[in-house]
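Student: This is upload_26.tsv, which holds TSV, C-alpha atoms and all ligand atoms:
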chain	number	residue	atom	x	y	z
Q	315	MET	CA	-37.15	122.76	18.84
Q	316	GLY	CA	-33.71	124.44	18.69
Q	317	ALA	CA	-33.54	124.74	22.47
Q	318	ASP	CA	-34.55	121.11	22.86
Q	319	LEU	CA	-31.89	119.92	20.41
Q	320	ALA	CA	-29.25	122.01	22.19
Q	321	LYS	CA	-30.17	120.41	25.50
Q	322	GLY	CA	-29.98	116.93	24.03
Q	323	GLY	CA	-26.66	117.78	22.38
Q	324	ALA	CA	-25.18	118.75	25.74
Q	325	TYR	CA	-25.97	115.32	27.21
Q	326	LEU	CA	-24.35	113.72	24.20
Q	327	GLU	CA	-21.16	115.82	24.49
Q	328	GLU	CA	-20.98	114.96	28.18
Q	329	VAL	CA	-20.98	111.24	27.36
Q	330	VAL	CA	-18.40	111.57	24.60
Q	331	ALA	CA	-16.05	113.60	26.86
Q	332	ALA	CA	-16.38	111.41	29.98
Q	333	ASP	CA	-13.76	108.89	31.07
Q	334	ILE	CA	-16.09	107.20	33.51
Q	335	ILE	CA	-19.87	107.41	33.71
Q	336	VAL	CA	-21.64	106.25	36.85
Q	337	ILE	CA	-25.38	105.67	36.86
Q	338	GLY	CA	-27.55	104.69	39.79
Q	339	ALA	CA	-30.56	103.03	38.24
Q	340	PRO	CA	-33.39	101.41	40.20
Q	341	MET	CA	-35.22	98.52	38.60
Q	342	TYR	CA	-38.77	99.51	37.69
Q	343	ASN	CA	-41.01	96.70	36.50
Q	344	PHE	CA	-38.06	94.59	35.39
Q	345	SER	CA	-36.43	97.40	33.41
Q	346	ILE	CA	-34.91	100.85	33.74
Q	347	PRO	CA	-36.88	103.96	34.83
Q	348	SER	CA	-38.42	105.97	32.00
Q	349	GLN	CA	-36.22	108.97	32.92
Q	350	LEU	CA	-33.11	106.93	32.22
Q	351	LYS	CA	-34.61	105.73	28.95
Q	352	ALA	CA	-35.19	109.38	27.98
Q	353	TRP	CA	-31.47	110.05	28.62
Q	354	ILE	CA	-30.50	107.03	26.51
Q	355	ASP	CA	-32.63	108.39	23.68
Q	356	ARG	CA	-30.55	111.60	23.87
Q	357	VAL	CA	-27.18	109.87	23.73
Q	358	VAL	CA	-27.78	106.92	21.39
Q	359	VAL	CA	-28.06	108.99	18.24
Q	360	ALA	CA	-27.42	107.89	14.65
Q	361	GLY	CA	-24.54	109.84	13.10
Q	362	LYS	CA	-23.22	110.83	16.54
Q	363	THR	CA	-22.62	107.83	18.79
Q	364	PHE	CA	-23.24	105.19	16.14
Q	365	ARG	CA	-23.60	105.15	12.39
Q	366	TYR	CA	-24.96	102.82	9.78
Q	367	GLY	CA	-22.49	101.46	7.21
Q	368	ALA	CA	-22.42	98.74	4.60
Q	369	ASN	CA	-22.16	96.11	7.36
Q	370	GLY	CA	-24.86	97.51	9.62
Q	371	ALA	CA	-24.53	99.73	12.68
Q	372	LYS	CA	-21.08	100.73	13.98
Q	373	ALA	CA	-20.29	102.27	17.37
Q	374	CYS	CA	-18.60	105.67	17.45
Q	375	CYS	CA	-17.58	106.02	21.11
Q	376	ARG	CA	-14.09	104.91	22.13
Q	377	LYS	CA	-14.21	101.32	23.34
Q	378	THR	CA	-12.07	101.95	26.40
Q	379	ARG	CA	-14.59	104.19	28.08
Q	380	ARG	CA	-15.90	102.72	31.29
Q	381	PHE	CA	-19.49	102.77	32.32
Q	382	SER	CA	-20.62	101.69	35.76
Q	383	SER	CA	-24.16	101.01	36.73
Q	384	LEU	CA	-25.51	100.52	40.22
Q	385	PRO	CA	-28.97	99.06	39.92
Q	386	PRO	CA	-30.82	98.67	43.21
Q	387	ARG	CA	-33.62	96.11	43.20
Q	388	LYS	CA	-36.01	95.38	45.96
Q	389	ARG	CA	-37.18	91.89	45.12
Q	390	LEU	CA	-35.84	90.49	41.89
Q	391	ARG	CA	-32.82	88.33	42.57
Q	392	ALA	CA	-30.66	86.64	39.95
Q	393	SER	CA	-31.85	83.27	41.30
Q	394	SER	CA	-35.56	84.23	41.21
Q	395	PRO	CA	-38.01	82.42	38.87
Q	396	ALA	CA	-38.78	85.91	37.50
Q	397	ALA	CA	-35.12	86.33	36.46
Q	398	ALA	CA	-36.15	85.75	32.81
Q	399	LEU	CA	-37.94	89.10	33.02
Q	400	GLU	CA	-34.66	90.88	33.68
Q	401	HIS	CA	-34.53	93.72	31.13
Q	402	HIS	CA	-32.46	96.08	33.22
Q	403	GLU	CA	-28.82	95.05	33.17
Q	404	SER	CA	-29.20	93.23	29.85
Q	405	TYR	CA	-30.69	96.32	28.22
Q	406	LEU	CA	-28.17	98.77	29.70
Q	407	THR	CA	-25.21	96.58	28.81
Q	408	GLY	CA	-26.55	96.00	25.31
Q	409	VAL	CA	-27.45	99.57	24.45
Q	410	LEU	CA	-24.19	101.00	25.83
Q	411	SER	CA	-22.11	98.42	23.98
Q	412	PHE	CA	-24.03	99.37	20.85
Q	413	ILE	CA	-22.44	102.86	20.97
Q	414	GLY	CA	-19.01	101.52	21.97
Q	415	LEU	CA	-19.17	101.71	25.78
Q	416	THR	CA	-18.19	98.10	26.21
Q	417	ASP	CA	-16.44	98.27	29.58
Q	418	VAL	CA	-19.66	98.06	31.57
Q	419	ARG	CA	-19.33	97.10	35.23
Q	420	ILE	CA	-22.39	96.38	37.28
Q	421	VAL	CA	-22.75	96.65	41.05
Q	422	ARG	CA	-25.96	95.06	42.28
Q	423	ALA	CA	-27.88	95.77	45.44
Q	424	GLU	CA	-30.58	93.17	45.22
Q	425	GLY	CA	-33.14	91.60	47.52
Q	426	LEU	CA	-33.43	94.81	49.55
Q	427	ALA	CA	-37.05	94.10	50.53
Q	428	PHE	CA	-36.26	90.79	52.23
Q	429	GLY	CA	-35.72	92.26	55.69
Q	430	ALA	CA	-33.14	94.40	57.46
Q	431	GLU	CA	-30.50	91.69	57.60
Q	432	ALA	CA	-30.75	90.85	53.90
Q	433	LYS	CA	-30.72	94.54	53.04
Q	434	GLU	CA	-27.60	95.26	55.11
Q	435	ALA	CA	-25.82	92.22	53.64
Q	436	ALA	CA	-26.69	93.31	50.09
Q	437	MET	CA	-25.59	96.89	50.72
Q	438	SER	CA	-22.37	95.80	52.34
Q	439	ARG	CA	-21.60	93.50	49.36
Q	440	ALA	CA	-22.32	96.38	47.00
Q	441	ARG	CA	-20.02	98.73	48.95
Q	442	GLU	CA	-17.24	96.13	48.83
Q	443	ASN	CA	-17.70	95.75	45.08
Q	444	ILE	CA	-17.55	99.52	44.58
Q	445	ALA	CA	-14.36	99.74	46.67
Q	446	ALA	CA	-12.78	96.90	44.66
Q	447	MET	CA	-13.77	98.64	41.43
Q	448	ALA	CA	-12.26	101.95	42.54
Q	449	ALA	CA	-8.98	100.31	43.72
I	501	LIG	C1	-42.81	101.72	39.78
I	501	LIG	C2	-41.84	100.80	40.49
I	501	LIG	C3	-41.56	99.57	39.93
I	501	LIG	C4	-40.66	98.70	40.57
I	501	LIG	N1	-40.36	97.51	39.99
I	501	LIG	C5	-39.47	96.68	40.56
I	501	LIG	C6	-39.11	95.43	39.93
I	501	LIG	O1	-39.57	95.08	38.86
I	501	LIG	N2	-38.24	94.63	40.56
I	501	LIG	C7	-37.66	94.98	41.74
I	501	LIG	O2	-36.85	94.21	42.25
I	501	LIG	N3	-37.95	96.17	42.35
I	501	LIG	C8	-38.84	97.02	41.79
I	501	LIG	N4	-39.14	98.23	42.38
I	501	LIG	C9	-38.41	98.65	43.59
I	501	LIG	C10	-37.32	99.64	43.19
I	501	LIG	O3	-36.28	98.99	42.55
I	501	LIG	C11	-36.87	100.40	44.46
I	501	LIG	O4	-37.89	101.29	44.76
I	501	LIG	C12	-35.57	101.10	44.21
I	501	LIG	O5	-34.56	100.16	44.31
I	501	LIG	C13	-35.30	102.25	45.17
I	501	LIG	O6	-35.30	101.80	46.48
I	501	LIG	P1	-36.12	102.63	47.61
I	501	LIG	O7	-37.55	102.56	47.18
I	501	LIG	O8	-35.84	101.89	48.90
I	501	LIG	O9	-35.54	104.00	47.59
I	501	LIG	C14	-40.05	99.09	41.78
I	501	LIG	C15	-40.35	100.35	42.33
I	501	LIG	C16	-41.22	101.19	41.71
I	501	LIG	C17	-41.51	102.54	42.32
Let me see whether you can do it: turn the structure in this file into structure tokens.
Tutor:
Amino acid sequence: MGADLAKGGAYLEEVVAADIIVIGAPMYNFSIPSQLKAWIDRVVVAGKTFRYGANGAKACCRKTRRFSSLPPRKRLRASSPAAALEHHESYLTGVLSFIGLTDVRIVRAEGLAFGAEAKEAAMSRARENIAAMAA
């Protein structure tokens, strides 16, 4: 138990110390992979990255910290009828804002399974967005 808590604590300290956090997160069944969820469960911790007060939960991380997420998707596009099932970006943005990481920037690579041309166009758009973000 002690070793497990120490490991979890290290992930938490890493997040608190970071200026920028970059996550590459594929979409799995409309949401994030379970491994990423396990990491979130290590870093969204009451009394550490948020605390409950008289007015409900309050974030503890500095608000200026930037978090970038690069979610590749094979099929789900923002314009798809299944877009209502999107629990990837909405969840990540919500849970990170909950602990104070409000500067969340998303780079999408979507529609990658719609042929070589669509894939290259999506990847090239994503690369441009990353370059613009880094500038
Ligand atoms: C279990 C599983 C579930 C997936 N679910 C979705 C999904 O809901 N929507 C989607 O667009 N892509 C889905 N994908 C495709 C992944 O997003 C894709 O595998 C990921 O972007 C990595 O790309 P690669 O397989 O070419 O390496 C899924 C893939 C797996 C393995």
Student: Quick one: axis-aligned box around all listed atoms of region 399-415 of chain Q, 4 Å on every side, centre and edge lengths in Å to one decimal, written as AutoDock Vina command-line options.
Tutor:
--center_x -28.5 --center_y 96.0 --center_z 27.3 --size_x 26.9 --size_y 21.8 --size_z 20.8
Student: Taking only residues of chain Q that have an atom at most 9 Å from an atom of ligand LIG 501 (chain I), what is each one's shortest atom pair and its distance in Å to one decimal, using all atoms listed in the file, in chain and number order, as CSV?
Tutor:
residue,atom,partner,partner_atom,distance
Q:Ala339,CA,I:LIG501,O5,7.8
Q:Pro340,CA,I:LIG501,O3,4.4
Q:Met341,CA,I:LIG501,O3,4.1
Q:Tyr342,CA,I:LIG501,N1,3.4
Q:Asn343,CA,I:LIG501,O1,3.2
Q:Phe344,CA,I:LIG501,O1,3.8
Q:Ser345,CA,I:LIG501,O1,6.7
Q:Ile346,CA,I:LIG501,N1,8.9
Q:Pro347,CA,I:LIG501,C1,8.0
Q:Pro385,CA,I:LIG501,O5,7.2
Q:Pro386,CA,I:LIG501,O5,4.2
Q:Arg387,CA,I:LIG501,O2,3.9
Q:Lys388,CA,I:LIG501,O2,4.0
Q:Arg389,CA,I:LIG501,O2,3.7
Q:Leu390,CA,I:LIG501,O2,3.9
Q:Arg391,CA,I:LIG501,O2,7.1
Q:Leu399,CA,I:LIG501,O1,8.5
Q:Glu400,CA,I:LIG501,O1,8.3
Q:Ala423,CA,I:LIG501,O5,8.1
Q:Glu424,CA,I:LIG501,O2,7.0
Q:Gly425,CA,I:LIG501,O2,7.0
Q:Leu426,CA,I:LIG501,O8,7.5
Q:Ala427,CA,I:LIG501,O8,8.1
Student: Quick one: distance from CA of Val359 (chain Q) to CA of Arg422 (chain Q) in Å, one decimal?
Tutor: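 That distance, rounded to one decimal, is 27.9 Å.
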Student: Given the point (-21.2, 98.2, 35.6) in the file's coordinates, find the residues that have an atom at most 12 Å from it, counting all atoms listed in the file, and give them as a PyMOL selection string.
Tutor: chain Q and resi 334-339+379-385+402-404+406-408+410-411+415-422+440+443-444+447-448
Student: If you measure from CA of Ala373 (chain Q) to CA of Ala352 (chain Q), what distance in Å do you get, rounded to one decimal?
Tutor: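 Between CA of Ala373 (chain Q) and CA of Ala352 (chain Q) the gap is 19.6 Å.
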Student: What does the distance from CA of Gln349 (chain Q) to CA of Leu319 (chain Q) come to in Å, to one decimal?
Tutor: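 Going from CA of Gln349 (chain Q) over to CA of Leu319 (chain Q), I get 17.2 Å.
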Student: Within 10 Å of Lys372 (chain Q), counting only C-alpha atoms, which residues show up once you throw out same-chain ones fewer than 5 positions away? Write them as a list of chain:residue names, please.
Tutor: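 So, after excluding close chain neighbours, the residues are Q:Ala360, Q:Gly361, Q:Thr363, Q:Phe364, Q:Arg365, Q:Tyr366, Q:Gly367, Q:Phe412, Q:Ile413, Q:Gly414.
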Student: Using all atoms listed in the file, can you tell me which of Q:Ala430, Q:Ala436, Q:Cys375, Q:Val329 comes closest to Ile354 (chain Q)?
Tutor: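 Of the candidates, the smallest distance to Ile354 (chain Q) is held by Q:Val329.
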Student: Could I see region 403-422 of chain Q restored to N, CA and C atoms, set down as a PDB file, keeping the file's coordinate frame?
Tutor:
ATOM      1  N   GLU Q 403     -30.242  95.161  33.471  1.00  0.00           N
ATOM      2  CA  GLU Q 403     -28.820  95.050  33.170  1.00  0.00           C
ATOM      3  C   GLU Q 403     -28.590  94.655  31.720  1.00  0.00           C
ATOM      4  N   SER Q 404     -29.409  93.712  31.226  1.00  0.00           N
ATOM      5  CA  SER Q 404     -29.200  93.230  29.850  1.00  0.00           C
ATOM      6  C   SER Q 404     -29.417  94.371  28.861  1.00  0.00           C
ATOM      7  N   TYR Q 405     -30.422  95.200  29.121  1.00  0.00           N
ATOM      8  CA  TYR Q 405     -30.690  96.320  28.220  1.00  0.00           C
ATOM      9  C   TYR Q 405     -29.575  97.363  28.299  1.00  0.00           C
ATOM     10  N   LEU Q 406     -29.209  97.749  29.540  1.00  0.00           N
ATOM     11  CA  LEU Q 406     -28.170  98.770  29.700  1.00  0.00           C
ATOM     12  C   LEU Q 406     -26.858  98.327  29.066  1.00  0.00           C
ATOM     13  N   THR Q 407     -26.458  97.086  29.362  1.00  0.00           N
ATOM     14  CA  THR Q 407     -25.210  96.580  28.810  1.00  0.00           C
ATOM     15  C   THR Q 407     -25.271  96.551  27.286  1.00  0.00           C
ATOM     16  N   GLY Q 408     -26.395  96.107  26.755  1.00  0.00           N
ATOM     17  CA  GLY Q 408     -26.550  96.000  25.310  1.00  0.00           C
ATOM     18  C   GLY Q 408     -26.540  97.353  24.620  1.00  0.00           C
ATOM     19  N   VAL Q 409     -27.318  98.285  25.141  1.00  0.00           N
ATOM     20  CA  VAL Q 409     -27.450  99.570  24.450  1.00  0.00           C
ATOM     21  C   VAL Q 409     -26.158 100.382  24.566  1.00  0.00           C
ATOM     22  N   LEU Q 410     -25.449 100.256  25.687  1.00  0.00           N
ATOM     23  CA  LEU Q 410     -24.190 101.000  25.830  1.00  0.00           C
ATOM     24  C   LEU Q 410     -23.106 100.396  24.961  1.00  0.00           C
ATOM     25  N   SER Q 411     -23.082  99.071  24.869  1.00  0.00           N
ATOM     26  CA  SER Q 411     -22.110  98.420  23.980  1.00  0.00           C
ATOM     27  C   SER Q 411     -22.381  98.819  22.534  1.00  0.00           C
ATOM     28  N   PHE Q 412     -23.638  99.001  22.221  1.00  0.00           N
ATOM     29  CA  PHE Q 412     -24.030  99.370  20.850  1.00  0.00           C
ATOM     30  C   PHE Q 412     -23.353 100.671  20.410  1.00  0.00           C
ATOM     31  N   ILE Q 413     -23.121 101.597  21.352  1.00  0.00           N
ATOM     32  CA  ILE Q 413     -22.440 102.860  20.970  1.00  0.00           C
ATOM     33  C   ILE Q 413     -20.949 102.822  21.326  1.00  0.00           C
ATOM     34  N   GLY Q 414     -20.454 101.658  21.753  1.00  0.00           N
ATOM     35  CA  GLY Q 414     -19.010 101.520  21.970  1.00  0.00           C
ATOM     36  C   GLY Q 414     -18.583 101.550  23.421  1.00  0.00           C
ATOM     37  N   LEU Q 415     -19.525 101.711  24.350  1.00  0.00           N
ATOM     38  CA  LEU Q 415     -19.170 101.710  25.780  1.00  0.00           C
ATOM     39  C   LEU Q 415     -19.230 100.272  26.275  1.00  0.00           C
ATOM     40  N   THR Q 416     -18.157  99.551  25.983  1.00  0.00           N
ATOM     41  CA  THR Q 416     -18.190  98.100  26.210  1.00  0.00           C
ATOM     42  C   THR Q 416     -17.678  97.699  27.590  1.00  0.00           C
ATOM     43  N   ASP Q 417     -16.971  98.617  28.258  1.00  0.00           N
ATOM     44  CA  ASP Q 417     -16.440  98.270  29.580  1.00  0.00           C
ATOM     45  C   ASP Q 417     -17.496  98.610  30.637  1.00  0.00           C
ATOM     46  N   VAL Q 418     -18.536  97.804  30.661  1.00  0.00           N
ATOM     47  CA  VAL Q 418     -19.660  98.060  31.570  1.00  0.00           C
ATOM     48  C   VAL Q 418     -19.491  97.203  32.827  1.00  0.00           C
ATOM     49  N   ARG Q 419     -19.468  97.847  33.963  1.00  0.00           N
ATOM     50  CA  ARG Q 419     -19.330  97.100  35.230  1.00  0.00           C
ATOM     51  C   ARG Q 419     -20.564  97.352  36.081  1.00  0.00           C
ATOM     52  N   ILE Q 420     -21.124  96.287  36.553  1.00  0.00           N
ATOM     53  CA  ILE Q 420     -22.390  96.380  37.280  1.00  0.00           C
ATOM     54  C   ILE Q 420     -22.167  96.088  38.765  1.00  0.00           C
ATOM     55  N   VAL Q 421     -22.711  96.937  39.610  1.00  0.00           N
ATOM     56  CA  VAL Q 421     -22.750  96.650  41.050  1.00  0.00           C
ATOM     57  C   VAL Q 421     -24.216  96.468  41.416  1.00  0.00           C
ATOM     58  N   ARG Q 422     -24.551  95.310  41.924  1.00  0.00           N
ATOM     59  CA  ARG Q 422     -25.960  95.060  42.280  1.00  0.00           C
ATOM     60  C   ARG Q 422     -26.206  95.267  43.764  1.00  0.00           C
TER      61      ARG Q 422
END
